[in-house]
>>> print(open('data09.csv').read())   # CSV, C-alpha atoms
chain,number,residue,atom,x,y,z
A,20,MET,CA,10.9,14.7,8.5
A,21,THR,CA,8.9,12.7,11.0
A,22,VAL,CA,7.4,9.7,9.4
A,23,THR,CA,4.8,7.1,10.4
A,24,LEU,CA,5.5,3.4,10.7
A,25,HIS,CA,2.3,1.5,11.0
A,26,VAL,CA,2.6,-2.0,12.4
A,27,CYS,CA,-0.2,-4.5,12.0
A,28,ILE,CA,-0.7,-5.9,15.5
A,29,THR,CA,-3.5,-8.3,14.7
A,30,CYS,CA,-1.4,-10.3,12.2
A,31,ARG,CA,-1.2,-14.0,12.8
A,32,ALA,CA,1.2,-14.6,10.0
A,33,GLY,CA,-0.8,-17.4,8.7
A,34,GLN,CA,-0.4,-19.4,12.0
A,35,PRO,CA,-3.1,-20.8,14.3
A,36,LEU,CA,-3.1,-18.9,17.6
A,37,SER,CA,-3.8,-20.5,21.0
A,38,GLU,CA,-6.1,-18.6,23.3
A,39,GLY,CA,-4.3,-15.8,25.0
A,40,GLU,CA,-1.2,-16.2,22.8
A,41,ILE,CA,0.3,-12.9,21.6
A,42,THR,CA,0.0,-12.4,17.9
A,43,PRO,CA,3.2,-12.4,15.8
A,44,GLY,CA,2.2,-8.8,14.8
A,45,ALA,CA,2.0,-7.7,18.4
A,46,ARG,CA,5.4,-9.3,19.0
A,47,LEU,CA,6.9,-7.4,16.1
A,48,HIS,CA,5.4,-4.2,17.5
A,49,SER,CA,7.0,-4.9,20.9
A,50,ALA,CA,10.3,-5.8,19.4
A,51,ILE,CA,10.4,-2.6,17.4
A,52,PHE,CA,10.1,-0.6,20.7
A,53,GLU,CA,12.6,-2.8,22.4
A,54,ALA,CA,15.1,-2.3,19.6
A,55,GLY,CA,14.8,1.5,20.0
A,56,VAL,CA,12.8,3.9,17.9
A,57,PRO,CA,14.4,7.1,16.5
A,58,GLU,CA,12.7,10.4,17.4
A,59,ASN,CA,11.6,11.0,13.8
A,60,VAL,CA,9.8,7.7,13.4
A,61,HIS,CA,6.3,7.6,14.9
A,62,VAL,CA,5.2,4.0,15.5
A,63,VAL,CA,1.5,3.4,15.3
A,64,PRO,CA,-0.2,0.0,15.9
A,65,VAL,CA,-3.0,-0.8,13.4
A,66,GLU,CA,-5.5,-3.5,13.3
A,67,CYS,CA,-5.0,-5.2,9.9
A,68,LEU,CA,-3.1,-3.8,6.9
A,69,SER,CA,-5.1,-6.2,4.7
A,70,ALA,CA,-1.9,-8.1,3.8
A,71,CYS,CA,-2.9,-11.1,5.8
A,72,SER,CA,-1.5,-13.7,3.4
A,73,HIS,CA,1.9,-12.0,3.6
A,74,GLY,CA,2.1,-11.0,7.2
A,75,CYS,CA,3.5,-9.7,9.5
A,76,SER,CA,3.5,-6.4,7.7
A,77,VAL,CA,4.4,-2.7,8.3
A,78,ALA,CA,3.7,0.4,6.3
A,79,LEU,CA,5.8,3.6,6.0
A,80,SER,CA,4.2,6.8,5.1
A,81,ALA,CA,4.5,10.6,5.4
A,82,PRO,CA,2.8,13.6,3.8
A,83,GLY,CA,3.9,14.2,0.2
A,84,ARG,CA,5.9,11.0,0.0
A,85,TRP,CA,5.5,7.5,-1.5
A,86,SER,CA,4.1,5.0,1.0
A,87,TYR,CA,5.6,1.6,1.3
A,88,VAL,CA,4.2,-1.7,2.6
A,89,TYR,CA,6.5,-4.6,3.5
A,90,GLY,CA,5.5,-8.1,4.5
A,91,ARG,CA,6.7,-11.6,5.6
A,92,LEU,CA,8.3,-10.0,8.7
A,93,SER,CA,8.8,-11.4,12.2
A,94,ASP,CA,10.0,-9.9,15.4
A,95,ALA,CA,13.6,-10.8,14.4
A,96,ASN,CA,13.3,-8.2,11.7
A,97,ALA,CA,12.7,-5.3,14.1
A,98,PRO,CA,16.2,-3.8,14.0
A,99,ASP,CA,16.1,-3.8,10.1
A,100,VAL,CA,12.6,-2.3,10.1
A,101,ILE,CA,13.8,0.5,12.3
A,102,ALA,CA,16.9,1.0,10.1
A,103,GLY,CA,14.7,1.2,7.0
A,104,ALA,CA,12.3,3.6,8.7
A,105,ALA,CA,15.1,5.9,9.9
A,106,ALA,CA,16.6,6.0,6.3
A,107,TYR,CA,13.1,6.9,4.9
A,108,ALA,CA,12.8,9.6,7.5
A,109,ALA,CA,16.2,11.0,6.7
A,110,ALA,CA,15.9,10.9,2.9
A,111,PRO,CA,14.9,14.5,1.9
A,112,ASP,CA,12.2,13.1,-0.5
A,113,GLY,CA,11.6,9.8,1.3
A,114,ILE,CA,13.3,7.9,-1.6
A,115,VAL,CA,16.1,5.8,-0.1
A,116,PRO,CA,18.7,4.7,-2.6
A,117,TRP,CA,18.2,1.0,-3.4
A,118,ARG,CA,21.5,-0.2,-1.9
A,119,SER,CA,20.9,1.7,1.3
A,120,ARG,CA,17.6,-0.1,2.0
A,121,PRO,CA,17.7,-3.1,4.4
A,122,GLU,CA,17.4,-6.4,2.5
A,123,ILE,CA,13.9,-7.0,3.9
A,124,PHE,CA,12.8,-3.7,2.2
A,125,ARG,CA,14.4,-4.7,-1.1
A,126,LYS,CA,13.0,-8.2,-1.2
A,127,GLN,CA,9.8,-8.1,0.8
A,128,SER,CA,7.9,-5.2,-0.7
A,129,LEU,CA,4.2,-5.8,-0.9
A,130,ALA,CA,3.3,-2.5,-2.6
A,131,ARG,CA,4.1,1.2,-2.8
A,132,ILE,CA,1.7,4.0,-3.4
A,133,PRO,CA,2.6,7.4,-5.0
A,134,PRO,CA,2.2,10.6,-2.9
A,135,ILE,CA,-1.4,11.4,-2.4
A,136,THR,CA,-2.4,14.6,-4.1
A,137,ILE,CA,-5.4,16.9,-3.4
A,138,LEU,CA,-7.5,17.1,-6.6
A,139,PRO,CA,-10.1,19.7,-7.6
A,140,GLU,CA,-13.6,18.4,-7.1
A,141,ALA,CA,-15.5,17.2,-10.1
A,142,ALA,CA,-18.4,19.5,-11.1
A,143,GLU,CA,-21.7,18.3,-9.5
B,23,MET,CA,-14.7,13.4,-3.3
B,24,THR,CA,-12.3,13.1,-6.2
B,25,VAL,CA,-10.0,10.1,-5.7
B,26,THR,CA,-6.9,8.9,-7.5
B,27,LEU,CA,-6.7,5.5,-9.1
B,28,HIS,CA,-3.1,4.6,-9.9
B,29,VAL,CA,-2.6,1.9,-12.4
B,30,CYS,CA,0.7,0.2,-12.8
B,31,ILE,CA,1.4,0.3,-16.5
B,32,THR,CA,4.8,-1.4,-16.5
B,33,CYS,CA,3.4,-4.6,-15.0
B,34,ARG,CA,4.2,-7.8,-16.9
B,35,ALA,CA,2.0,-9.9,-14.5
B,36,GLY,CA,4.8,-12.4,-14.3
B,37,GLN,CA,4.7,-13.1,-18.0
B,38,PRO,CA,7.6,-12.9,-20.5
B,39,LEU,CA,7.0,-10.1,-23.0
B,40,SER,CA,7.9,-10.1,-26.7
B,41,GLU,CA,9.5,-7.0,-28.1
B,42,GLY,CA,7.0,-4.3,-28.8
B,43,GLU,CA,4.2,-6.2,-26.9
B,44,ILE,CA,2.0,-4.1,-24.8
B,45,THR,CA,2.3,-4.9,-21.1
B,46,PRO,CA,-0.6,-6.4,-19.3
B,47,GLY,CA,-0.5,-3.3,-17.0
B,48,ALA,CA,-0.9,-0.9,-20.0
B,49,ARG,CA,-3.7,-3.1,-21.3
B,50,LEU,CA,-5.5,-2.8,-18.0
B,51,HIS,CA,-4.9,1.0,-18.1
B,52,SER,CA,-6.5,1.2,-21.6
B,53,ALA,CA,-9.4,-1.1,-20.6
B,54,ILE,CA,-10.2,1.2,-17.7
B,55,PHE,CA,-10.5,4.2,-20.0
B,56,GLU,CA,-12.5,2.1,-22.6
B,57,ALA,CA,-14.9,1.0,-19.8
B,58,GLY,CA,-15.6,4.7,-18.9
B,59,VAL,CA,-14.1,6.6,-15.9
B,60,PRO,CA,-16.5,8.5,-13.6
B,61,GLU,CA,-15.7,12.3,-13.2
B,62,ASN,CA,-14.7,11.8,-9.6
B,63,VAL,CA,-12.0,9.2,-10.3
B,64,HIS,CA,-8.7,10.5,-11.5
B,65,VAL,CA,-6.8,7.7,-13.3
B,66,VAL,CA,-3.0,8.1,-13.2
B,67,PRO,CA,-0.6,5.7,-14.8
B,68,VAL,CA,2.4,4.8,-12.7
B,69,GLU,CA,5.6,2.9,-13.4
B,70,CYS,CA,5.6,0.1,-10.8
B,71,LEU,CA,3.6,-0.2,-7.6
B,72,SER,CA,6.3,-2.7,-6.3
B,73,ALA,CA,3.7,-5.5,-6.3
B,74,CYS,CA,5.3,-7.2,-9.2
B,75,SER,CA,4.7,-10.8,-7.9
B,76,HIS,CA,1.0,-10.0,-7.7
B,77,GLY,CA,0.4,-7.9,-10.8
B,78,CYS,CA,-1.4,-6.3,-12.4
B,79,SER,CA,-2.1,-3.9,-9.6
B,80,VAL,CA,-3.9,-0.7,-8.9
B,81,ALA,CA,-4.0,1.7,-5.9
B,82,LEU,CA,-6.8,3.8,-4.7
B,83,SER,CA,-6.0,6.9,-2.6
B,84,ALA,CA,-7.3,10.3,-1.5
B,85,PRO,CA,-6.4,12.8,1.2
B,86,GLY,CA,-7.4,11.8,4.7
B,87,ARG,CA,-8.5,8.4,3.6
B,88,TRP,CA,-7.2,4.8,3.8
B,89,SER,CA,-5.3,3.8,0.7
B,90,TYR,CA,-5.9,0.4,-0.9
B,91,VAL,CA,-3.8,-1.7,-3.2
B,92,TYR,CA,-5.3,-4.5,-5.3
B,93,GLY,CA,-3.5,-7.1,-7.4
B,94,ARG,CA,-3.8,-10.1,-9.6
B,95,LEU,CA,-5.8,-8.1,-12.0
B,96,SER,CA,-6.2,-8.2,-15.8
B,97,ASP,CA,-7.9,-6.0,-18.4
B,98,ALA,CA,-11.0,-8.1,-18.0
B,99,ASN,CA,-11.3,-6.6,-14.5
B,100,ALA,CA,-11.5,-3.0,-15.7
B,101,PRO,CA,-15.3,-2.6,-15.1
B,102,ASP,CA,-15.0,-3.9,-11.6
B,103,VAL,CA,-12.0,-1.7,-10.9
B,104,ILE,CA,-14.1,1.3,-12.0
B,105,ALA,CA,-17.1,0.2,-9.9
B,106,GLY,CA,-14.9,-0.2,-6.8
B,107,ALA,CA,-13.2,3.2,-7.4
B,108,ALA,CA,-16.5,4.9,-7.9
B,109,ALA,CA,-17.8,3.4,-4.6
B,110,TYR,CA,-14.6,4.6,-2.8
B,111,ALA,CA,-15.1,8.1,-4.2
B,112,ALA,CA,-18.8,8.1,-3.2
B,113,ALA,CA,-18.3,6.8,0.4
B,114,PRO,CA,-18.2,9.9,2.7
B,115,ASP,CA,-15.1,8.5,4.5
B,116,GLY,CA,-13.8,6.3,1.7
B,117,ILE,CA,-14.7,3.2,3.6
B,118,VAL,CA,-17.0,1.1,1.4
B,119,PRO,CA,-19.2,-1.5,3.2
B,120,TRP,CA,-17.7,-4.9,2.6
B,121,ARG,CA,-20.6,-6.3,0.7
B,122,SER,CA,-20.7,-3.3,-1.6
B,123,ARG,CA,-17.1,-3.9,-2.7
B,124,PRO,CA,-16.5,-5.7,-6.0
B,125,GLU,CA,-15.3,-9.3,-5.4
B,126,ILE,CA,-11.8,-8.5,-6.7
B,127,PHE,CA,-11.5,-5.8,-4.0
B,128,ARG,CA,-12.7,-8.3,-1.3
B,129,LYS,CA,-10.4,-11.1,-2.4
B,130,GLN,CA,-7.4,-9.5,-4.1
B,131,SER,CA,-6.3,-6.9,-1.6
B,132,LEU,CA,-2.5,-6.6,-1.4
B,133,ALA,CA,-2.5,-4.0,1.3
B,134,ARG,CA,-4.2,-1.0,2.8
B,135,ILE,CA,-2.5,2.0,4.5
B,136,PRO,CA,-4.2,4.2,7.1
B,137,PRO,CA,-4.7,7.9,6.4
B,138,ILE,CA,-1.5,9.8,6.3
B,139,THR,CA,-1.2,12.3,9.1
B,140,ILE,CA,1.0,15.3,9.4
B,141,LEU,CA,3.2,15.0,12.5
B,142,PRO,CA,5.1,17.6,14.5
B,143,GLU,CA,8.8,17.5,13.7
B,144,ALA,CA,11.1,15.9,16.3
B,145,ALA,CA,13.3,18.4,18.1
B,146,GLU,CA,16.7,18.7,16.5
>>> encode(input="data09.csv", output="structure tokens")
Amino acid sequence: MTVTLHVCITCRAGQPLSEGEITPGARLHSAIFEAGVPENVHVVPVECLSACSHGCSVALSAPGRWSYVYGRLSDANAPDVIAGAAAYAAAPDGIVPWRSRPEIFRKQSLARIPPITILPEAAE
Amino acid sequence: MTVTLHVCITCRAGQPLSEGEITPGARLHSAIFEAGVPENVHVVPVECLSACSHGCSVALSAPGRWSYVYGRLSDANAPDVIAGAAAYAAAPDGIVPWRSRPEIFRKQSLARIPPITILPEAAE
């Protein structure tokens, strides 16, 4: 299925930034496009994934699936981020076997969130 | 709206665990129920939120809203976790003003993920 890869483009990765300097997050975002994005991965820039102390970070999500957040990334990781996103998109339930995940996804998970369910409203 | 509060019950919070000892995550889960859960917060235990190096952790989510993951929690934080979850449920768009968030939510964010959107499928 088509999945969303959110990339934090405001991330400074804990580094001071000179005026006009491109953020490490924006560099990662560009590198992902340069590396080539598969059709079933929709890359969306986002301002802050609130993982600032472990940036750069990306999030993978899709309806009915677990969401995943990964951190401590740089533009050098773009090809692995794409490989991991493509595997997530290709897995029928979004759960990629552990050994098939890129190393950065195995070792640099910040969090995962179970599928979001629609709940009946509490009585008023 | 009714929101989901996932609580990682397998979390050891980086501590060694004696045989039969209740995990810090399970203690947090129990403390949340003891503190009293509002009707519009649905508490769901989960085995691992993949935030093990920053446990104990919880995740707040609801359809169409940003999801949030918080870490470095203990059972002592249960009342604040509930207060924060209730504020998230009560906010019309799930975005609670910064100052209205409990301190643990302001300072112990592990990540947030934008609302999950349904995307058209890529052409085969």
>>> calpha_fit_and_write(input="data09.csv", fixed="chain A", moving="chain B", output="PDB file with C-alpha atoms, in the coordinates of the input")
ATOM      1  CA  MET B  23      10.944  14.647   8.498  1.00  0.00           C
ATOM      2  CA  THR B  24       8.841  12.743  10.991  1.00  0.00           C
ATOM      3  CA  VAL B  25       7.358   9.633   9.358  1.00  0.00           C
ATOM      4  CA  THR B  26       4.755   7.128  10.473  1.00  0.00           C
ATOM      5  CA  LEU B  27       5.503   3.451  10.759  1.00  0.00           C
ATOM      6  CA  HIS B  28       2.292   1.443  11.022  1.00  0.00           C
ATOM      7  CA  VAL B  29       2.616  -1.998  12.382  1.00  0.00           C
ATOM      8  CA  CYS B  30      -0.121  -4.509  12.003  1.00  0.00           C
ATOM      9  CA  ILE B  31      -0.644  -5.902  15.463  1.00  0.00           C
ATOM     10  CA  THR B  32      -3.496  -8.298  14.706  1.00  0.00           C
ATOM     11  CA  CYS B  33      -1.403 -10.294  12.240  1.00  0.00           C
ATOM     12  CA  ARG B  34      -1.271 -14.050  12.848  1.00  0.00           C
ATOM     13  CA  ALA B  35       1.272 -14.534   9.966  1.00  0.00           C
ATOM     14  CA  GLY B  36      -0.807 -17.427   8.767  1.00  0.00           C
ATOM     15  CA  GLN B  37      -0.354 -19.337  11.982  1.00  0.00           C
ATOM     16  CA  PRO B  38      -3.086 -20.777  14.255  1.00  0.00           C
ATOM     17  CA  LEU B  39      -3.098 -18.985  17.607  1.00  0.00           C
ATOM     18  CA  SER B  40      -3.789 -20.519  21.023  1.00  0.00           C
ATOM     19  CA  GLU B  41      -6.055 -18.629  23.352  1.00  0.00           C
ATOM     20  CA  GLY B  42      -4.292 -15.808  25.075  1.00  0.00           C
ATOM     21  CA  GLU B  43      -1.196 -16.136  22.758  1.00  0.00           C
ATOM     22  CA  ILE B  44       0.294 -12.945  21.639  1.00  0.00           C
ATOM     23  CA  THR B  45       0.030 -12.436  17.885  1.00  0.00           C
ATOM     24  CA  PRO B  46       3.125 -12.414  15.808  1.00  0.00           C
ATOM     25  CA  GLY B  47       2.130  -8.837  14.748  1.00  0.00           C
ATOM     26  CA  ALA B  48       2.051  -7.632  18.417  1.00  0.00           C
ATOM     27  CA  ARG B  49       5.378  -9.359  18.985  1.00  0.00           C
ATOM     28  CA  LEU B  50       6.881  -7.467  16.090  1.00  0.00           C
ATOM     29  CA  HIS B  51       5.341  -4.233  17.497  1.00  0.00           C
ATOM     30  CA  SER B  52       7.004  -4.881  20.913  1.00  0.00           C
ATOM     31  CA  ALA B  53      10.342  -5.861  19.301  1.00  0.00           C
ATOM     32  CA  ILE B  54      10.390  -2.563  17.440  1.00  0.00           C
ATOM     33  CA  PHE B  55      10.028  -0.597  20.662  1.00  0.00           C
ATOM     34  CA  GLU B  56      12.619  -2.896  22.443  1.00  0.00           C
ATOM     35  CA  ALA B  57      15.082  -2.288  19.549  1.00  0.00           C
ATOM     36  CA  GLY B  58      14.775   1.539  20.046  1.00  0.00           C
ATOM     37  CA  VAL B  59      12.699   3.926  17.844  1.00  0.00           C
ATOM     38  CA  PRO B  60      14.423   7.059  16.477  1.00  0.00           C
ATOM     39  CA  GLU B  61      12.666  10.419  17.407  1.00  0.00           C
ATOM     40  CA  ASN B  62      11.653  10.984  13.820  1.00  0.00           C
ATOM     41  CA  VAL B  63       9.740   7.709  13.432  1.00  0.00           C
ATOM     42  CA  HIS B  64       6.279   7.616  14.859  1.00  0.00           C
ATOM     43  CA  VAL B  65       5.242   3.976  15.465  1.00  0.00           C
ATOM     44  CA  VAL B  66       1.465   3.405  15.337  1.00  0.00           C
ATOM     45  CA  PRO B  67      -0.166   0.069  15.874  1.00  0.00           C
ATOM     46  CA  VAL B  68      -2.937  -0.764  13.455  1.00  0.00           C
ATOM     47  CA  GLU B  69      -5.511  -3.536  13.290  1.00  0.00           C
ATOM     48  CA  CYS B  70      -4.925  -5.141   9.872  1.00  0.00           C
ATOM     49  CA  LEU B  71      -3.071  -3.773   6.868  1.00  0.00           C
ATOM     50  CA  SER B  72      -5.106  -6.253   4.646  1.00  0.00           C
ATOM     51  CA  ALA B  73      -1.883  -8.112   3.778  1.00  0.00           C
ATOM     52  CA  CYS B  74      -2.857 -11.073   5.814  1.00  0.00           C
ATOM     53  CA  SER B  75      -1.425 -13.704   3.356  1.00  0.00           C
ATOM     54  CA  HIS B  76       1.936 -11.971   3.623  1.00  0.00           C
ATOM     55  CA  GLY B  77       2.131 -11.021   7.289  1.00  0.00           C
ATOM     56  CA  CYS B  78       3.541  -9.687   9.432  1.00  0.00           C
ATOM     57  CA  SER B  79       3.472  -6.360   7.695  1.00  0.00           C
ATOM     58  CA  VAL B  80       4.364  -2.773   8.254  1.00  0.00           C
ATOM     59  CA  ALA B  81       3.706   0.471   6.302  1.00  0.00           C
ATOM     60  CA  LEU B  82       5.819   3.498   6.052  1.00  0.00           C
ATOM     61  CA  SER B  83       4.158   6.827   5.146  1.00  0.00           C
ATOM     62  CA  ALA B  84       4.497  10.607   5.379  1.00  0.00           C
ATOM     63  CA  PRO B  85       2.862  13.582   3.697  1.00  0.00           C
ATOM     64  CA  GLY B  86       3.913  14.170   0.119  1.00  0.00           C
ATOM     65  CA  ARG B  87       5.893  11.001  -0.002  1.00  0.00           C
ATOM     66  CA  TRP B  88       5.543   7.499  -1.520  1.00  0.00           C
ATOM     67  CA  SER B  89       4.111   5.021   0.936  1.00  0.00           C
ATOM     68  CA  TYR B  90       5.631   1.548   1.259  1.00  0.00           C
ATOM     69  CA  VAL B  91       4.247  -1.689   2.570  1.00  0.00           C
ATOM     70  CA  TYR B  92       6.509  -4.569   3.613  1.00  0.00           C
ATOM     71  CA  GLY B  93       5.532  -8.109   4.574  1.00  0.00           C
ATOM     72  CA  ARG B  94       6.690 -11.510   5.585  1.00  0.00           C
ATOM     73  CA  LEU B  95       8.229 -10.047   8.627  1.00  0.00           C
ATOM     74  CA  SER B  96       8.824 -11.375  12.161  1.00  0.00           C
ATOM     75  CA  ASP B  97      10.032  -9.879  15.446  1.00  0.00           C
ATOM     76  CA  ALA B  98      13.541 -10.840  14.474  1.00  0.00           C
ATOM     77  CA  ASN B  99      13.281  -8.178  11.747  1.00  0.00           C
ATOM     78  CA  ALA B 100      12.617  -5.309  14.148  1.00  0.00           C
ATOM     79  CA  PRO B 101      16.157  -3.770  13.905  1.00  0.00           C
ATOM     80  CA  ASP B 102      16.029  -3.782  10.161  1.00  0.00           C
ATOM     81  CA  VAL B 103      12.539  -2.318  10.145  1.00  0.00           C
ATOM     82  CA  ILE B 104      13.858   0.530  12.329  1.00  0.00           C
ATOM     83  CA  ALA B 105      16.934   1.043  10.117  1.00  0.00           C
ATOM     84  CA  GLY B 106      14.761   1.217   6.977  1.00  0.00           C
ATOM     85  CA  ALA B 107      12.284   3.634   8.659  1.00  0.00           C
ATOM     86  CA  ALA B 108      15.064   5.828   9.879  1.00  0.00           C
ATOM     87  CA  ALA B 109      16.542   5.973   6.326  1.00  0.00           C
ATOM     88  CA  TYR B 110      13.059   6.874   4.920  1.00  0.00           C
ATOM     89  CA  ALA B 111      12.720   9.659   7.486  1.00  0.00           C
ATOM     90  CA  ALA B 112      16.246  10.953   6.723  1.00  0.00           C
ATOM     91  CA  ALA B 113      15.920  10.925   2.877  1.00  0.00           C
ATOM     92  CA  PRO B 114      14.925  14.502   1.817  1.00  0.00           C
ATOM     93  CA  ASP B 115      12.200  13.088  -0.502  1.00  0.00           C
ATOM     94  CA  GLY B 116      11.638   9.788   1.277  1.00  0.00           C
ATOM     95  CA  ILE B 117      13.204   7.896  -1.551  1.00  0.00           C
ATOM     96  CA  VAL B 118      16.065   5.814  -0.130  1.00  0.00           C
ATOM     97  CA  PRO B 119      18.764   4.668  -2.628  1.00  0.00           C
ATOM     98  CA  TRP B 120      18.208   1.013  -3.336  1.00  0.00           C
ATOM     99  CA  ARG B 121      21.457  -0.180  -1.921  1.00  0.00           C
ATOM    100  CA  SER B 122      20.902   1.736   1.292  1.00  0.00           C
ATOM    101  CA  ARG B 123      17.629  -0.109   1.942  1.00  0.00           C
ATOM    102  CA  PRO B 124      17.666  -3.046   4.362  1.00  0.00           C
ATOM    103  CA  GLU B 125      17.393  -6.382   2.475  1.00  0.00           C
ATOM    104  CA  ILE B 126      13.871  -7.010   3.810  1.00  0.00           C
ATOM    105  CA  PHE B 127      12.765  -3.703   2.226  1.00  0.00           C
ATOM    106  CA  ARG B 128      14.430  -4.697  -1.124  1.00  0.00           C
ATOM    107  CA  LYS B 129      12.973  -8.191  -1.190  1.00  0.00           C
ATOM    108  CA  GLN B 130       9.750  -8.114   0.824  1.00  0.00           C
ATOM    109  CA  SER B 131       7.906  -5.170  -0.645  1.00  0.00           C
ATOM    110  CA  LEU B 132       4.150  -5.797  -0.902  1.00  0.00           C
ATOM    111  CA  ALA B 133       3.359  -2.503  -2.508  1.00  0.00           C
ATOM    112  CA  ARG B 134       4.167   1.160  -2.772  1.00  0.00           C
ATOM    113  CA  ILE B 135       1.680   4.028  -3.380  1.00  0.00           C
ATOM    114  CA  PRO B 136       2.638   7.359  -4.954  1.00  0.00           C
ATOM    115  CA  PRO B 137       2.215  10.571  -2.971  1.00  0.00           C
ATOM    116  CA  ILE B 138      -1.355  11.432  -2.355  1.00  0.00           C
ATOM    117  CA  THR B 139      -2.414  14.595  -4.103  1.00  0.00           C
ATOM    118  CA  ILE B 140      -5.316  16.842  -3.426  1.00  0.00           C
ATOM    119  CA  LEU B 141      -7.515  17.106  -6.531  1.00  0.00           C
ATOM    120  CA  PRO B 142     -10.107  19.669  -7.570  1.00  0.00           C
ATOM    121  CA  GLU B 143     -13.617  18.355  -7.029  1.00  0.00           C
ATOM    122  CA  ALA B 144     -15.557  17.246 -10.130  1.00  0.00           C
ATOM    123  CA  ALA B 145     -18.404  19.572 -11.032  1.00  0.00           C
ATOM    124  CA  GLU B 146     -21.688  18.413  -9.588  1.00  0.00           C
TER     125      GLU B 146
END
>>> atom_distance(input="data09.csv", atom1="CA of Tyr87 in chain A", atom2="CA of Ile114 in chain A")
10.4 Å
>>> atom_distance(input="data09.csv", atom1="CA of Glu143 in chain B", atom2="CA of Gly44 in chain A")
27.1 Å
>>> closest_residue(input="data09.csv", among="A:Ser86, A:Ser69, A:Thr136, A:Ser49", to="Leu27 in chain B", atoms="all atoms listed in the file")
A:Thr136
>>> residues_around(input="data09.csv", residues="range 101-111 of chain B", least_positions_apart="3", cutoff="6 Å", atoms="only C-alpha atoms", output="ChimeraX atom specification")
/B:23,25,57,116,118,123-124
>>> write_last_selection(input="data09.csv", atoms="C-alpha atoms", output="JSON list (two decimals), in the frame of the given file")
[["chain", "number", "residue", "atom", "x", "y", "z"],
["B", 23, "MET", "CA", -14.70, 13.40, -3.30],
["B", 25, "VAL", "CA", -10.00, 10.10, -5.70],
["B", 57, "ALA", "CA", -14.90, 1.00, -19.80],
["B", 116, "GLY", "CA", -13.80, 6.30, 1.70],
["B", 118, "VAL", "CA", -17.00, 1.10, 1.40],
["B", 123, "ARG", "CA", -17.10, -3.90, -2.70],
["B", 124, "PRO", "CA", -16.50, -5.70, -6.00]]
>>> interface_residues(input="data09.csv", of="chain B", to="chain A", cutoff="7 Å", atoms="only C-alpha atoms", output="VMD selection string")
chain B and resid 23 to 24 61 to 62 71 to 73 81 83 to 85 131 to 135 138 to 141 143 to 144
>>> atom_distance(input="data09.csv", atom1="CA of Ala100 in chain B", atom2="CA of Trp120 in chain B")
19.4 Å
